[in-house]
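File shown here: start-v9.txt, holding compact mmCIF, C-alpha atoms and all ligand atoms.
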# COMPACT_ATOMS: atom_id res chain seq x y z
CA MET A 86 47.09 17.83 -27.35
CA THR A 87 49.89 19.29 -29.44
CA ALA A 88 49.16 21.14 -32.65
CA ASP A 89 51.04 19.74 -35.58
CA PRO A 90 52.51 22.65 -37.59
CA SER A 91 52.79 20.37 -40.56
CA GLY A 92 49.27 19.09 -40.02
CA SER A 93 47.04 19.06 -43.04
CA PHE A 94 43.72 20.80 -43.48
CA ASP A 95 41.10 20.66 -46.16
CA ASP A 96 41.39 23.94 -48.05
CA SER A 97 37.96 23.50 -49.60
CA ALA A 98 36.22 22.73 -46.31
CA SER A 99 33.50 25.11 -45.23
CA LEU A 100 34.39 27.53 -42.51
CA GLY A 101 32.28 27.58 -39.37
CA GLY A 102 31.42 30.37 -36.98
CA VAL A 103 34.31 29.40 -34.70
CA HIS A 104 36.82 29.96 -37.52
CA ILE A 105 35.51 33.48 -38.02
CA LYS A 106 35.39 34.22 -34.30
CA TYR A 107 39.00 33.09 -33.88
CA LEU A 108 40.11 35.02 -36.94
CA TYR A 109 39.04 38.22 -35.23
CA HIS A 110 40.31 37.19 -31.81
CA CYS A 111 43.72 35.90 -32.85
CA PRO A 112 45.01 34.49 -36.18
CA ARG A 113 47.27 32.12 -34.26
CA GLN A 114 44.24 30.66 -32.52
CA LEU A 115 42.50 30.16 -35.86
CA TRP A 116 45.60 28.48 -37.32
CA LEU A 117 45.91 26.10 -34.36
CA TYR A 118 42.17 25.36 -34.34
CA SER A 119 42.24 24.55 -38.06
CA ARG A 120 44.86 21.89 -37.29
CA GLY A 121 42.78 20.20 -34.66
CA TYR A 122 44.02 21.85 -31.49
CA ARG A 123 41.01 22.00 -29.14
CA PRO A 124 41.94 23.16 -25.63
CA GLU A 125 38.57 24.93 -25.33
CA GLN A 126 37.03 21.53 -24.64
CA GLY A 127 36.92 21.51 -20.84
CA ASN A 128 37.86 25.18 -20.52
CA ASP A 129 35.92 26.90 -17.73
CA LEU A 130 35.18 30.10 -19.68
CA VAL A 131 33.94 28.17 -22.69
CA ALA A 132 31.83 25.96 -20.43
CA PHE A 133 30.37 29.07 -18.81
CA GLY A 134 29.38 30.41 -22.22
CA GLU A 135 27.70 27.16 -23.08
CA VAL A 136 25.72 27.22 -19.84
CA VAL A 137 24.57 30.80 -20.48
CA ASP A 138 23.59 29.80 -23.98
CA ALA A 139 21.74 26.69 -22.86
CA THR A 140 19.82 28.29 -20.02
CA THR A 141 18.89 31.69 -21.42
CA TYR A 142 16.49 30.75 -24.18
CA THR A 143 15.44 27.25 -23.27
CA ARG A 144 12.74 26.97 -25.92
CA ARG A 145 15.02 27.82 -28.81
CA ARG A 146 16.60 25.11 -30.88
CA ASP A 147 20.00 25.12 -32.56
CA ILE A 148 20.16 24.99 -36.33
CA ASP A 149 22.99 22.64 -37.21
CA LEU A 150 24.52 23.39 -40.62
CA GLY A 151 27.33 20.91 -40.13
CA GLU A 152 30.19 23.39 -40.26
CA ALA A 153 28.30 25.80 -38.01
CA LYS A 154 25.61 25.68 -35.37
CA ILE A 155 23.29 28.70 -35.35
CA ASP A 156 21.57 29.43 -32.04
CA TRP A 157 18.22 30.01 -33.69
CA VAL A 158 16.54 31.61 -36.71
CA THR A 159 13.21 33.43 -36.63
CA THR A 160 10.83 34.13 -39.49
CA GLY A 161 12.29 36.36 -42.07
CA ALA A 162 14.94 34.88 -41.74
CA VAL A 163 16.64 36.57 -38.80
CA VAL A 164 19.74 34.88 -37.39
CA HIS A 165 20.16 34.94 -33.60
CA GLU A 166 23.37 34.35 -31.65
CA THR A 167 23.76 34.38 -27.85
CA LYS A 168 27.00 35.49 -26.20
CA SER A 169 28.05 35.13 -22.59
CA SER A 170 30.34 38.13 -22.98
CA ARG A 171 29.54 41.44 -21.32
CA VAL A 172 31.28 43.34 -24.11
CA PRO A 173 29.85 43.40 -27.64
CA SER A 174 32.60 42.89 -30.20
CA SER A 175 33.19 43.01 -33.93
CA ALA A 176 33.98 39.28 -33.80
CA HIS A 177 30.42 38.51 -32.70
CA ALA A 178 29.00 40.59 -35.55
CA ALA A 179 31.33 38.89 -38.03
CA GLN A 180 30.22 35.49 -36.80
CA VAL A 181 26.56 36.35 -37.37
CA ARG A 182 27.32 37.73 -40.83
CA HIS A 183 29.05 34.44 -41.59
CA TYR A 184 25.94 32.52 -40.54
CA CYS A 185 23.84 34.78 -42.78
CA LEU A 186 26.17 33.91 -45.67
CA LEU A 187 25.98 30.17 -44.96
CA LEU A 188 22.18 30.30 -44.92
CA GLU A 189 22.05 32.34 -48.10
CA ARG A 190 24.23 29.73 -49.82
CA ARG A 191 21.57 27.22 -48.93
CA GLY A 192 18.98 29.30 -50.76
CA ILE A 193 17.48 31.01 -47.73
CA THR A 194 16.55 34.68 -47.99
CA VAL A 195 18.17 36.25 -44.96
CA ARG A 196 16.87 39.52 -43.53
CA SER A 197 19.29 40.36 -40.71
CA GLY A 198 20.89 39.12 -37.51
CA VAL A 199 20.81 39.82 -33.79
CA VAL A 200 23.48 39.17 -31.16
CA HIS A 201 22.03 38.66 -27.67
CA TYR A 202 24.00 39.52 -24.54
CA PRO A 203 21.82 38.18 -21.72
CA LEU A 204 24.31 39.06 -18.96
CA ILE A 205 24.04 42.76 -19.78
CA ARG A 206 20.48 42.55 -21.19
CA ARG A 207 21.49 43.99 -24.53
CA THR A 208 21.10 43.08 -28.14
CA THR A 209 23.04 44.25 -31.19
CA ASP A 210 21.32 44.29 -34.56
CA ILE A 211 23.39 43.06 -37.50
CA LEU A 212 22.52 44.35 -40.95
CA TRP A 213 22.49 41.95 -43.87
CA ASN A 214 22.98 43.86 -47.10
CA ALA A 215 25.51 44.09 -49.94
CA GLN A 216 28.18 45.58 -47.70
CA ALA A 217 27.64 42.98 -44.98
CA ARG A 218 27.79 40.23 -47.60
CA ALA A 219 31.08 41.64 -48.93
CA GLU A 220 32.46 41.75 -45.38
CA ALA A 221 31.44 38.13 -44.84
CA HIS A 222 33.20 37.08 -48.05
CA ALA A 223 36.30 39.07 -47.08
CA ALA A 224 36.38 37.43 -43.64
CA GLU A 225 36.25 34.00 -45.28
CA ASP A 226 39.11 34.91 -47.62
CA GLU A 227 41.16 36.23 -44.72
CA ALA A 228 40.49 33.13 -42.63
CA ARG A 229 41.55 30.84 -45.49
CA ALA A 230 44.74 32.85 -45.94
CA VAL A 231 45.60 32.48 -42.26
CA ILE A 232 44.82 28.76 -42.28
CA ALA A 233 46.94 28.19 -45.39
CA HIS A 234 49.97 29.85 -43.83
CA GLY A 235 52.92 27.48 -43.63
CA SER A 236 53.87 28.23 -40.05
CA VAL A 237 52.08 29.20 -36.89
CA PRO A 238 51.34 32.95 -36.70
CA PRO A 239 53.03 34.93 -33.91
CA ARG A 240 51.51 35.32 -30.49
CA LEU A 241 49.53 38.38 -29.55
CA GLU A 242 50.81 40.66 -26.83
CA ARG A 243 50.67 38.85 -23.51
CA ASN A 244 47.94 41.07 -22.07
CA SER A 245 45.69 40.27 -25.05
CA CYS A 246 45.82 36.57 -24.19
CA ARG A 247 44.06 36.82 -20.86
CA GLY A 248 41.30 34.23 -20.64
CA CYS A 249 42.27 32.51 -23.91
CA SER A 250 41.93 28.75 -23.67
CA TYR A 251 45.07 28.37 -25.85
CA ILE A 252 47.30 30.03 -23.27
CA ASP A 253 48.99 26.79 -22.21
CA TYR A 254 50.15 26.11 -25.74
CA CYS A 255 51.26 29.66 -26.43
CA TRP A 256 52.80 30.61 -23.10
CA GLY A 257 53.43 27.29 -21.41
CA GLU A 258 51.26 28.11 -18.39
S1 LIG B 301 47.06 32.61 -26.01
FE1 LIG B 301 47.24 34.59 -27.06
S2 LIG B 301 48.55 34.20 -28.84
FE2 LIG B 301 47.80 32.22 -28.08
S3 LIG B 301 45.95 31.80 -29.27
FE3 LIG B 301 45.29 32.79 -27.40
S4 LIG B 301 45.19 34.99 -27.90
FE4 LIG B 301 46.40 33.98 -29.50
Please, can you express the file's structure as structure tokens?
Ligand code: SF4
Amino acid sequence: MTADPSGSFDDSASLGGVHIKYLYHCPRQLWLYSRGYRPEQGNDLVAFGEVVDATTYTRRRDIDLGEAKIDWVTTGAVVHETKSSRVPSSAHAAQVRHYCLLLERRGITVRSGVVHYPLIRRTTDILWNAQARAEAHAAEDEARAVIAHGSVPPRLERNSCRGCSYIDYCWGE
């Protein structure tokens, strides 16, 4: 599928966790994703992540907010997200903060978040307070600014693209 640089997007549409994750990974990826480019469907690494997610906590149930699917929420409310990565990243934390914000907008009192890394048996606690809320709002603003840009953002350095499912589009591989 080819991304259409002139493709339209709904500026008022809610942003999902994937938008925030891509914002932190690569603005170009976010821009392309917002215009319907979806090479991650069928990508081996993405499929691996989905398998890890589906098999690690088999009794948990996704919470589907429409624009975002939260792995699960425990009493409190505490937002949980599972990652197949072996390296905790700021993008994962930002994604969980975004979920906290989406829940809060629905009138839910959110306590905090947790990112689970089953492959390295680690968890990272994510605070939900005034600063985290401000960061979540800032990430949304930044994502909307990237999406609204009139042309595709530049590529990252080649070595930062390793494993990215958009590599065919960006580098013609
Ligand atoms: S291949 Fe590189 S430049 Fe292209 S979307 Fe992925 S990380 Fe960004």
Just checking: using all atoms listed in the file, which residue out of A:Val200, A:Ile205, A:Ala217, A:Leu115 ends up closest to ligand LIG 301 (chain B)?
A:Leu115
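Of the listed residues A:Glu166, A:Cys246, A:Arg182, A:Thr159, the one whose atoms come nearest to A:Pro203 is A:Glu166, with distances taken using all atoms listed in the file.
The two atoms in question, atom CA of A:Arg120 and atom CA of A:Lys154, are spaced 19.7 Å apart.
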For a quick check of understanding, using all atoms listed in the file, which of A:Val163, A:Trp116, A:Ser170, A:Lys106 has the smallest distance to A:Leu188?
A:Val163
Which residues sit within 7 Å of ligand LIG 301 (chain B), counting only C-alpha atoms and all ligand atoms, listed as a ChimeraX atom specification?
/A:110-114,239-241,243,245-246,249-252,254-256
Output of the above residues as a PDB file, in the coordinates of the input, restricted to C-alpha atoms:
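Full text of part21.pdb as output:
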ATOM      1  CA  HIS A 110      40.310  37.190 -31.810  1.00  0.00           C
ATOM      2  CA  CYS A 111      43.720  35.900 -32.850  1.00  0.00           C
ATOM      3  CA  PRO A 112      45.010  34.490 -36.180  1.00  0.00           C
ATOM      4  CA  ARG A 113      47.270  32.120 -34.260  1.00  0.00           C
ATOM      5  CA  GLN A 114      44.240  30.660 -32.520  1.00  0.00           C
ATOM      6  CA  PRO A 239      53.030  34.930 -33.910  1.00  0.00           C
ATOM      7  CA  ARG A 240      51.510  35.320 -30.490  1.00  0.00           C
ATOM      8  CA  LEU A 241      49.530  38.380 -29.550  1.00  0.00           C
ATOM      9  CA  ARG A 243      50.670  38.850 -23.510  1.00  0.00           C
ATOM     10  CA  SER A 245      45.690  40.270 -25.050  1.00  0.00           C
ATOM     11  CA  CYS A 246      45.820  36.570 -24.190  1.00  0.00           C
ATOM     12  CA  CYS A 249      42.270  32.510 -23.910  1.00  0.00           C
ATOM     13  CA  SER A 250      41.930  28.750 -23.670  1.00  0.00           C
ATOM     14  CA  TYR A 251      45.070  28.370 -25.850  1.00  0.00           C
ATOM     15  CA  ILE A 252      47.300  30.030 -23.270  1.00  0.00           C
ATOM     16  CA  TYR A 254      50.150  26.110 -25.740  1.00  0.00           C
ATOM     17  CA  CYS A 255      51.260  29.660 -26.430  1.00  0.00           C
ATOM     18  CA  TRP A 256      52.800  30.610 -23.100  1.00  0.00           C
TER      19      TRP A 256
END
As an exercise, work out the distance from atom CA of A:Val164 to atom CA of A:Arg196 in Å and give it to one decimal place.
8.2 Å
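Between atom CA of A:Gly235 and atom CA of A:Tyr109 the interatomic distance comes to 19.5 Å.
Distance check against A:Pro173 using only C-alpha atoms: of A:Ala223, A:Ile211, A:Leu100, A:Leu117, the minimum falls on A:Ile211.
The list of residues with at least one atom within 12 Å of A:Asn214, based on only C-alpha atoms and without residues fewer than 5 positions apart in the same chain, reads A:Arg182, A:Cys185, A:Leu186, A:Glu189, A:Thr194, A:Val195, A:Arg196, A:Ser197, A:Gly198, A:Ala219, A:Glu220, A:Ala221.
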Under the rule that only C-alpha atoms are counted, which of A:Tyr184, A:Pro238, A:Trp157, A:Tyr202 is the nearest residue to A:Ser99?
A:Tyr184
Distance criterion (all atoms listed in the file): nearest to A:Arg190 out of A:His177, A:Arg218, A:Arg207, A:His165:
A:Arg218
Edge lengths and centre in Å to one decimal, as JSON, is what I'm after for the box along x, y and z that holds all listed atoms of stretch 252-258 of chain A once 3 Å is added on each side.
{"center_x": 50.4, "center_y": 28.4, "center_z": -22.4, "size_x": 12.1, "size_y": 10.5, "size_z": 14.0}
Tell me, as a ChimeraX atom specification, which residues lie within 8 Å of A:His104, counting all atoms listed in the file; anything in the same chain fewer than 6 positions away does not count.
/A:115,118-119,228
